[in-house]
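Student: Got a structure for you, target-v4.txt, holding compact mmCIF, C-alpha atoms.
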# COMPACT_ATOMS: atom_id res chain seq x y z
CA MET A 1 -167.76 -169.67 73.08
CA ILE A 2 -167.19 -166.28 71.48
CA VAL A 3 -165.00 -165.78 68.43
CA LEU A 4 -162.96 -162.60 68.85
CA SER A 5 -161.01 -162.74 65.62
CA LYS A 6 -160.90 -165.00 62.63
CA GLU A 7 -158.62 -165.30 59.64
CA LYS A 8 -157.82 -167.76 56.88
CA PHE A 9 -154.36 -168.99 56.09
CA PRO A 10 -153.92 -171.21 53.02
CA ILE A 11 -151.16 -173.84 53.15
CA GLU A 12 -149.77 -174.71 49.74
CA LYS A 13 -146.09 -175.36 50.23
CA GLU A 14 -143.62 -176.27 52.95
CA GLN A 15 -142.31 -172.74 53.28
CA ASP A 16 -145.80 -171.56 54.30
CA VAL A 17 -145.34 -173.46 57.55
CA ILE A 18 -142.84 -170.92 58.89
CA LEU A 19 -145.13 -167.93 58.28
CA PHE A 20 -148.08 -169.92 59.61
CA ARG A 21 -146.28 -170.71 62.87
CA ASN A 22 -145.22 -167.08 63.25
CA ARG A 23 -148.81 -165.93 62.80
CA ILE A 24 -149.98 -168.39 65.47
CA LYS A 25 -147.35 -167.01 67.80
CA GLU A 26 -148.64 -163.47 67.25
CA LEU A 27 -152.20 -164.50 68.04
CA ALA A 28 -151.17 -166.57 71.07
CA THR A 29 -149.10 -163.68 72.39
CA ARG A 30 -152.16 -161.45 72.05
CA THR A 31 -154.12 -163.74 74.40
CA GLY A 32 -151.34 -163.54 76.99
CA MET A 33 -150.46 -167.22 76.65
CA SER A 34 -147.22 -168.36 78.30
CA LEU A 35 -144.21 -169.22 76.17
CA VAL A 36 -144.47 -172.92 77.03
CA ASN A 37 -148.11 -173.06 75.95
CA GLN A 38 -147.33 -171.06 72.81
CA THR A 39 -144.58 -173.53 71.96
CA LYS A 40 -146.92 -176.49 72.51
CA LEU A 41 -149.57 -174.92 70.29
CA MET A 42 -147.08 -174.11 67.53
CA THR A 43 -145.60 -177.58 67.67
CA ALA A 44 -149.03 -179.23 67.45
CA ALA A 45 -149.88 -176.94 64.52
CA SER A 46 -146.62 -177.86 62.83
CA GLU A 47 -147.48 -181.57 63.04
CA LEU A 48 -150.98 -181.04 61.65
CA VAL A 49 -149.89 -178.79 58.84
CA ARG A 50 -147.25 -181.34 57.81
CA ASN A 51 -149.97 -184.00 57.59
CA MET A 52 -152.01 -181.67 55.39
CA LEU A 53 -149.08 -181.10 53.05
CA ARG A 54 -147.93 -184.70 52.98
CA TYR A 55 -151.23 -186.49 52.58
CA ALA A 56 -153.46 -183.90 50.95
CA GLY A 57 -151.01 -181.61 49.16
CA GLY A 58 -152.08 -178.69 51.33
CA GLY A 59 -155.31 -177.14 52.47
CA VAL A 60 -156.77 -174.20 54.33
CA THR A 61 -156.36 -173.28 57.97
CA LEU A 62 -158.50 -171.04 60.15
CA LEU A 63 -156.87 -169.09 62.94
CA GLU A 64 -159.16 -167.74 65.61
CA ILE A 65 -158.92 -166.06 68.96
CA VAL A 66 -161.82 -167.40 71.00
CA SER A 67 -163.10 -166.83 74.50
CA ARG A 68 -165.01 -169.05 76.87
CA SER A 69 -166.03 -167.90 80.34
CA SER A 70 -163.79 -164.87 79.77
CA ILE A 71 -160.75 -167.12 79.24
CA PRO A 72 -159.10 -166.46 75.89
CA GLY A 73 -157.55 -169.11 73.71
CA VAL A 74 -156.45 -169.87 70.19
CA ARG A 75 -158.47 -172.21 68.00
CA LEU A 76 -156.92 -173.61 64.84
CA THR A 77 -158.79 -175.54 62.18
CA PHE A 78 -157.02 -177.56 59.49
CA ILE A 79 -159.19 -178.37 56.49
CA ASP A 80 -158.00 -180.50 53.61
CA GLU A 81 -159.64 -182.28 50.72
CA GLY A 82 -157.18 -185.14 50.68
CA PRO A 83 -157.79 -188.89 50.71
CA GLY A 84 -159.05 -188.86 54.30
CA ILE A 85 -158.14 -191.30 57.04
CA LYS A 86 -159.58 -194.82 56.86
CA ASP A 87 -159.26 -195.61 60.54
CA VAL A 88 -159.11 -192.47 62.68
CA HIS A 89 -158.91 -194.52 65.88
CA GLN A 90 -155.79 -196.27 64.63
CA ALA A 91 -154.26 -193.03 63.32
CA MET A 92 -154.55 -191.57 66.82
CA LYS A 93 -152.34 -194.29 68.29
CA ASP A 94 -148.69 -193.58 69.06
CA GLY A 95 -146.34 -195.13 66.56
CA PHE A 96 -148.88 -195.72 63.83
CA SER A 97 -147.93 -194.30 60.45
CA THR A 98 -148.81 -195.08 56.87
CA GLY A 99 -145.77 -193.05 55.82
CA LYS A 100 -142.30 -193.47 57.18
CA SER A 101 -142.61 -191.00 60.02
CA LEU A 102 -142.42 -191.74 63.73
CA GLY A 103 -146.20 -191.84 63.99
CA LEU A 104 -146.24 -189.15 66.64
CA GLY A 105 -147.98 -186.46 64.60
CA LEU A 106 -151.66 -186.86 65.47
CA PRO A 107 -151.41 -188.35 68.98
CA GLY A 108 -148.55 -185.98 69.84
CA ALA A 109 -150.49 -182.96 68.62
CA LYS A 110 -153.45 -184.06 70.74
CA ARG A 111 -151.31 -184.21 73.87
CA LEU A 112 -150.03 -180.68 73.26
CA VAL A 113 -153.40 -178.95 73.19
CA ASN A 114 -156.44 -178.68 75.46
CA GLU A 115 -159.09 -179.64 72.93
CA PHE A 116 -158.72 -181.81 69.88
CA ASP A 117 -161.29 -182.88 67.35
CA ILE A 118 -160.81 -184.83 64.15
CA LYS A 119 -163.31 -185.62 61.44
CA SER A 120 -162.33 -187.55 58.37
CA GLU A 121 -164.14 -189.11 55.49
CA PRO A 122 -162.26 -191.34 53.04
CA GLY A 123 -162.22 -189.72 49.62
CA LYS A 124 -163.45 -186.37 50.94
CA GLY A 125 -160.88 -185.05 53.33
CA THR A 126 -159.97 -184.37 56.92
CA THR A 127 -160.73 -181.54 59.33
CA VAL A 128 -158.83 -181.20 62.58
CA THR A 129 -159.68 -178.56 65.18
CA ILE A 130 -157.49 -177.76 68.16
CA ILE A 131 -157.77 -175.24 70.99
CA ARG A 132 -155.14 -174.12 73.43
CA TRP A 133 -156.53 -172.01 76.27
CA LYS A 134 -154.46 -169.26 77.79
CA ASN A 135 -154.38 -170.94 81.16
CA GLY A 136 -155.01 -174.52 80.09
CA LEU A 137 -152.71 -177.13 81.60
CA MET B 1 -107.44 -186.29 65.50
CA GLY B 2 -110.15 -184.54 63.53
CA PRO B 3 -111.73 -181.22 64.44
CA PHE B 4 -115.21 -180.53 65.71
CA LEU B 5 -117.99 -179.20 63.53
CA LEU B 6 -120.10 -176.46 65.05
CA VAL B 7 -123.48 -175.91 63.44
CA THR B 8 -125.58 -173.00 64.59
CA ILE B 9 -129.17 -173.14 63.43
CA GLN B 10 -130.37 -169.55 63.43
CA VAL B 11 -133.78 -169.85 61.86
CA ASP B 12 -136.74 -172.18 62.21
CA LEU B 13 -136.38 -174.80 59.54
CA TYR B 14 -139.02 -176.24 57.28
CA ASP B 15 -138.71 -179.90 56.40
CA ARG B 16 -136.68 -179.71 53.21
CA LEU B 17 -134.20 -177.34 54.80
CA ALA B 18 -133.79 -179.74 57.71
CA LEU B 19 -133.12 -182.60 55.30
CA THR B 20 -130.55 -180.48 53.50
CA LEU B 21 -128.88 -179.76 56.82
CA GLU B 22 -128.77 -183.48 57.54
CA SER B 23 -127.05 -184.38 54.28
CA ASP B 24 -124.71 -181.35 54.27
CA LEU B 25 -123.62 -182.12 57.79
CA ILE B 26 -122.89 -185.77 57.13
CA ASN B 27 -120.91 -184.78 54.03
CA MET B 28 -118.92 -182.32 56.14
CA VAL B 29 -118.21 -185.00 58.74
CA SER B 30 -116.78 -187.15 56.00
CA LYS B 31 -114.86 -184.32 54.34
CA THR B 32 -113.34 -182.87 57.49
CA GLU B 33 -112.99 -186.19 59.33
CA ALA B 34 -114.57 -184.45 62.30
CA LYS B 35 -114.73 -186.46 65.50
CA GLY B 36 -117.49 -184.40 66.99
CA VAL B 37 -120.55 -182.46 65.84
CA LEU B 38 -122.06 -179.69 67.94
CA ILE B 39 -125.51 -178.51 66.92
CA ASP B 40 -126.56 -175.28 68.57
CA ILE B 41 -130.36 -174.96 68.56
CA SER B 42 -130.64 -172.07 71.01
CA ALA B 43 -132.33 -169.92 68.35
CA VAL B 44 -134.81 -172.63 67.37
CA SER B 45 -138.24 -171.94 68.82
CA ILE B 46 -139.87 -175.26 68.01
CA VAL B 47 -138.71 -178.83 67.47
CA ASP B 48 -141.49 -181.04 66.18
CA SER B 49 -141.41 -184.76 65.42
CA PHE B 50 -139.75 -184.19 62.04
CA MET B 51 -136.99 -181.95 63.35
CA GLY B 52 -136.56 -184.36 66.27
CA ARG B 53 -136.14 -187.22 63.86
CA ILE B 54 -133.56 -185.26 61.87
CA LEU B 55 -131.54 -184.62 65.03
CA GLY B 56 -131.70 -188.33 65.84
CA ASN B 57 -130.68 -189.22 62.28
CA ILE B 58 -127.70 -186.87 62.38
CA ALA B 59 -126.56 -188.47 65.64
CA SER B 60 -126.91 -192.02 64.25
CA MET B 61 -125.25 -191.18 60.95
CA SER B 62 -122.37 -189.34 62.63
CA LYS B 63 -121.86 -192.29 64.92
CA ILE B 64 -121.48 -194.58 61.94
CA MET B 65 -118.96 -192.06 60.57
CA ASP B 66 -117.11 -192.24 63.89
CA ALA B 67 -118.20 -188.82 65.18
CA ALA B 68 -120.13 -187.97 68.34
CA THR B 69 -123.06 -185.52 68.21
CA VAL B 70 -124.11 -183.13 70.94
CA VAL B 71 -127.19 -180.92 70.68
CA VAL B 72 -126.81 -177.77 72.75
CA GLY B 73 -128.88 -174.83 73.87
CA MET B 74 -132.38 -176.25 73.71
CA GLN B 75 -134.88 -173.73 75.07
CA PRO B 76 -136.79 -174.98 78.15
CA ALA B 77 -140.17 -174.55 76.43
CA VAL B 78 -138.90 -176.69 73.56
CA ALA B 79 -137.71 -179.43 75.92
CA ILE B 80 -141.05 -179.51 77.76
CA THR B 81 -142.94 -179.69 74.47
CA LEU B 82 -140.73 -182.43 73.05
CA VAL B 83 -141.32 -184.76 75.96
CA GLU B 84 -145.05 -184.18 75.89
CA LEU B 85 -145.05 -184.78 72.16
CA GLY B 86 -143.50 -188.16 72.89
CA LEU B 87 -139.96 -187.57 71.65
CA THR B 88 -137.21 -188.23 74.14
CA LEU B 89 -134.30 -187.81 71.70
CA SER B 90 -132.76 -190.97 73.08
CA GLY B 91 -129.42 -191.53 71.44
CA VAL B 92 -128.76 -187.81 71.12
CA HIS B 93 -126.34 -186.29 73.62
CA THR B 94 -127.31 -182.88 74.91
CA ALA B 95 -125.63 -180.07 76.81
CA LEU B 96 -126.86 -176.74 78.07
CA ASP B 97 -124.54 -174.55 76.02
CA VAL B 98 -121.75 -174.69 73.45
CA GLU B 99 -119.02 -174.62 76.10
CA GLN B 100 -120.44 -177.60 78.00
CA GLY B 101 -121.10 -179.35 74.71
CA MET B 102 -117.44 -178.96 73.73
CA GLU B 103 -116.41 -180.30 77.11
CA LEU B 104 -118.65 -183.32 76.62
CA LEU B 105 -117.23 -183.94 73.15
CA ARG B 106 -113.65 -183.64 74.40
CA ASN B 107 -114.36 -186.19 77.11
CA LYS B 108 -116.09 -188.47 74.65
CA ILE B 109 -113.23 -188.63 72.22
CA GLY B 110 -110.65 -188.55 74.98
CA HIS B 111 -108.76 -185.57 73.65
CA PRO B 112 -108.32 -182.73 76.11
CA ASP B 113 -106.91 -179.92 73.97
CA THR B 114 -108.82 -179.23 70.80
CA HIS B 115 -107.75 -175.88 69.44
CA GLU B 116 -109.94 -173.14 68.11
CA GLU B 117 -108.36 -173.29 64.67
CA GLY B 118 -109.59 -176.84 64.38
CA LEU B 119 -113.15 -175.72 64.71
CA TYR B 120 -115.19 -175.45 61.56
CA ASP B 121 -118.03 -173.08 61.99
CA SER B 122 -121.05 -173.33 59.79
CA ILE B 123 -124.04 -171.08 60.14
CA ILE B 124 -127.37 -171.81 58.54
Turn this file's structure into structure tokens for me.
Tutor:
Amino acid sequence: MIVLSKEKFPIEKEQDVILFRNRIKELATRTGMSLVNQTKLMTAASELVRNMLRYAGGGVTLLEIVSRSSIPGVRLTFIDEGPGIKDVHQAMKDGFSTGKSLGLGLPGAKRLVNEFDIKSEPGKGTTVTIIRWKNGL
Amino acid sequence: MGPFLLVTIQVDLYDRLALTLESDLINMVSKTEAKGVLIDISAVSIVDSFMGRILGNIASMSKIMDAATVVVGMQPAVAITLVELGLTLSGVHTALDVEQGMELLRNKIGHPDTHEEGLYDSII
């Protein structure tokens, strides 16, 4: 996988989410991604960034345009230093929430992207990486 | 017979703004004794689980206040994404555009001639 562009986007407050989503849209448009796939990527990002704000008080995101076998895509990484997730397996299940949300955030975000990776260590933080390929189903 | 409330959301909302919309709207339903609420989301480019929950809440709360809610104008890409996300917006009535939404509301409350002057328009 080749990284074609890379930038950092800190998330500190709710209002940052709007600018963050707009930036993702710009990058996704640059890869030639369809509107439906752009919308899926932005929605997944919105869920993950909300988790960062709610459970870790914010964090840093990386926005990259990547390419694999000449197919471009957008890779987003969400890094926080929050409390971490005790049971990642459970957190990935539909309807599970420690807050009062619908519990669709993590599993829903996973369904909306082509690649999804989560690493979490209690007391240290959580890192989630997602990729949406231009032509990914 | 109360009027309809028409709410046009013209920007993407962050969570606190969506919560404000929820409470403002319910207050307006009470104040105006509206029998129907039309929420136009044609300019909204994403609806995530939070925004979806807010739309559901508005529908449930309005129902308790004796008003029907119709969400209109959802972009196709948003609809596709919502279902894949796992949100079906059950309990929320939808229509393709404002006109059809009005028609649906009129049928729901069984009142065929709601006049324009009875329409409160609020733009966010």
Student: Around the point (-153.6, -165.6, 68.0) in the file's coordinates, collect all residues with an atom within 12 Å, using only C-alpha atoms, and return them as a PDB file with C-alpha atoms, keeping the file's coordinate frame.
Tutor:
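New file result-v8.pdb:
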ATOM      1  CA  VAL A   3    -165.000-165.780  68.430  1.00  0.00           C
ATOM      2  CA  LEU A   4    -162.960-162.600  68.850  1.00  0.00           C
ATOM      3  CA  SER A   5    -161.010-162.740  65.620  1.00  0.00           C
ATOM      4  CA  LYS A   6    -160.900-165.000  62.630  1.00  0.00           C
ATOM      5  CA  GLU A   7    -158.620-165.300  59.640  1.00  0.00           C
ATOM      6  CA  PHE A  20    -148.080-169.920  59.610  1.00  0.00           C
ATOM      7  CA  ARG A  21    -146.280-170.710  62.870  1.00  0.00           C
ATOM      8  CA  ASN A  22    -145.220-167.080  63.250  1.00  0.00           C
ATOM      9  CA  ARG A  23    -148.810-165.930  62.800  1.00  0.00           C
ATOM     10  CA  ILE A  24    -149.980-168.390  65.470  1.00  0.00           C
ATOM     11  CA  LYS A  25    -147.350-167.010  67.800  1.00  0.00           C
ATOM     12  CA  GLU A  26    -148.640-163.470  67.250  1.00  0.00           C
ATOM     13  CA  LEU A  27    -152.200-164.500  68.040  1.00  0.00           C
ATOM     14  CA  ALA A  28    -151.170-166.570  71.070  1.00  0.00           C
ATOM     15  CA  THR A  29    -149.100-163.680  72.390  1.00  0.00           C
ATOM     16  CA  ARG A  30    -152.160-161.450  72.050  1.00  0.00           C
ATOM     17  CA  THR A  31    -154.120-163.740  74.400  1.00  0.00           C
ATOM     18  CA  GLY A  32    -151.340-163.540  76.990  1.00  0.00           C
ATOM     19  CA  MET A  33    -150.460-167.220  76.650  1.00  0.00           C
ATOM     20  CA  GLN A  38    -147.330-171.060  72.810  1.00  0.00           C
ATOM     21  CA  LEU A  41    -149.570-174.920  70.290  1.00  0.00           C
ATOM     22  CA  MET A  42    -147.080-174.110  67.530  1.00  0.00           C
ATOM     23  CA  LEU A  62    -158.500-171.040  60.150  1.00  0.00           C
ATOM     24  CA  LEU A  63    -156.870-169.090  62.940  1.00  0.00           C
ATOM     25  CA  GLU A  64    -159.160-167.740  65.610  1.00  0.00           C
ATOM     26  CA  ILE A  65    -158.920-166.060  68.960  1.00  0.00           C
ATOM     27  CA  VAL A  66    -161.820-167.400  71.000  1.00  0.00           C
ATOM     28  CA  SER A  67    -163.100-166.830  74.500  1.00  0.00           C
ATOM     29  CA  PRO A  72    -159.100-166.460  75.890  1.00  0.00           C
ATOM     30  CA  GLY A  73    -157.550-169.110  73.710  1.00  0.00           C
ATOM     31  CA  VAL A  74    -156.450-169.870  70.190  1.00  0.00           C
ATOM     32  CA  ARG A  75    -158.470-172.210  68.000  1.00  0.00           C
ATOM     33  CA  LEU A  76    -156.920-173.610  64.840  1.00  0.00           C
ATOM     34  CA  ILE A 131    -157.770-175.240  70.990  1.00  0.00           C
ATOM     35  CA  ARG A 132    -155.140-174.120  73.430  1.00  0.00           C
ATOM     36  CA  TRP A 133    -156.530-172.010  76.270  1.00  0.00           C
ATOM     37  CA  LYS A 134    -154.460-169.260  77.790  1.00  0.00           C
TER      38      LYS A 134
END
Student: Taking only residues of chain B that have an atom at most 8 Å from an atom of chain A, what is each one's shortest atom pair and its distance in Å to one decimal, using only C-alpha atoms, in chain and number order, as CSV?
Tutor:
residue,atom,partner,partner_atom,distance
B:Asp12,CA,A:Ile18,CA,7.1
B:Leu13,CA,A:Ile18,CA,7.6
B:Tyr14,CA,A:Gln15,CA,6.3
B:Asp15,CA,A:Glu14,CA,7.0
B:Arg16,CA,A:Glu14,CA,7.8
B:Ser45,CA,A:Thr39,CA,7.3
B:Ile46,CA,A:Thr43,CA,6.2
B:Val47,CA,A:Thr43,CA,7.0
B:Asp48,CA,A:Thr43,CA,5.6
B:Ser49,CA,A:Leu104,CA,6.6
B:Phe50,CA,A:Ser101,CA,7.7
B:Arg53,CA,A:Leu102,CA,7.7
B:Ala77,CA,A:Val36,CA,4.6
B:Val78,CA,A:Thr39,CA,6.7
B:Ile80,CA,A:Val36,CA,7.5
B:Thr81,CA,A:Lys40,CA,5.5
B:Glu84,CA,A:Arg111,CA,6.6
B:Leu85,CA,A:Gly108,CA,4.4
B:Gly86,CA,A:Gly108,CA,6.3
Student: Atom CA of A:Asp117 and atom CA of A:Val49, how far apart in Å?
Tutor: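 So the two atoms, atom CA of A:Val49 and atom CA of A:Asp117, lie 14.8 Å apart.
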Student: What is the distance between atom CA of A:Gly58 and atom CA of B:Ala18, in Å to one decimal?
Tutor: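 Spanning atom CA of A:Gly58 to atom CA of B:Ala18 is a straight-line distance of 19.4 Å.
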Student: With distances taken over all atoms listed in the file, which of A:Ile11, A:Met92, A:Ile85, A:Leu137 is nearest to A:Gly123?
Tutor: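 Between A:Ile11, A:Met92, A:Ile85, A:Leu137, the residue approaching A:Gly123 most closely is A:Ile85.
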Student: Between atom CA of A:Ser70 and atom CA of A:Phe116, what is the spacing in Å?
Tutor: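 Separation of atom CA of A:Phe116 and atom CA of A:Ser70: 20.3 Å.
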Student: Extract, using all atoms listed in the file, all DNA, RNA and protein residues at most 7 Å from stretch 60-74 of chain B, discarding same-chain residues fewer than 6 positions from it, and format them as a ChimeraX atom specification.
Tutor: /B:26,34-42,92-98,101,105
Student: Taking all atoms of stretch 102-121 of chain A that appear in the file, build a box with edges along x, y and z, extend it by 8 Å on every side, and state its centre and edge lengths in Å to one decimal, as lines of an AutoDock Vina configuration file.
Tutor:
center_x = -153.3
center_y = -185.3
center_z = 65.5
size_x = 37.7
size_y = 29.2
size_z = 36.0
Student: Pick the closest to A:Asp87 from A:Ser69, A:Asn114, A:Asn51, A:Ser120: which is it, counting only C-alpha atoms?
Tutor: A:Ser120
Student: Would you please work out which residue, of A:Lys8, A:Asn135, A:Asp80, A:Lys93, is nearest to A:Pro122 when using all atoms listed in the file?
Tutor: A:Asp80
Student: Using all atoms listed in the file, which residues sit within 8 Å of B:Leu55 once same-chain residues fewer than 3 positions away are excluded, as a list in words?
Tutor: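 Counting all atoms listed in the file, the residues come to Met51, Gly52, Ile58, Ala59, Leu89 and Val92 of chain B.
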Student: Determine, counting all atoms listed in the file, which protein, DNA and RNA residues have an atom within 9 Å of an atom of A:Val60; residues of the same chain fewer than 5 positions away are not included. Present the result as a list in words.
Tutor: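 Everything that qualifies: Lys8, Phe9, Pro10, Ile11, Glu12, Met52, Thr77, Phe78, Ile79 and Asp80 of chain A.
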Student: Counting only C-alpha atoms, which of B:Leu104, B:Leu6, B:Ile109, B:Leu21 gets nearest to B:Asn57?
Tutor: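 Comparing B:Leu104, B:Leu6, B:Ile109, B:Leu21 against B:Asn57, the winner is B:Leu21.
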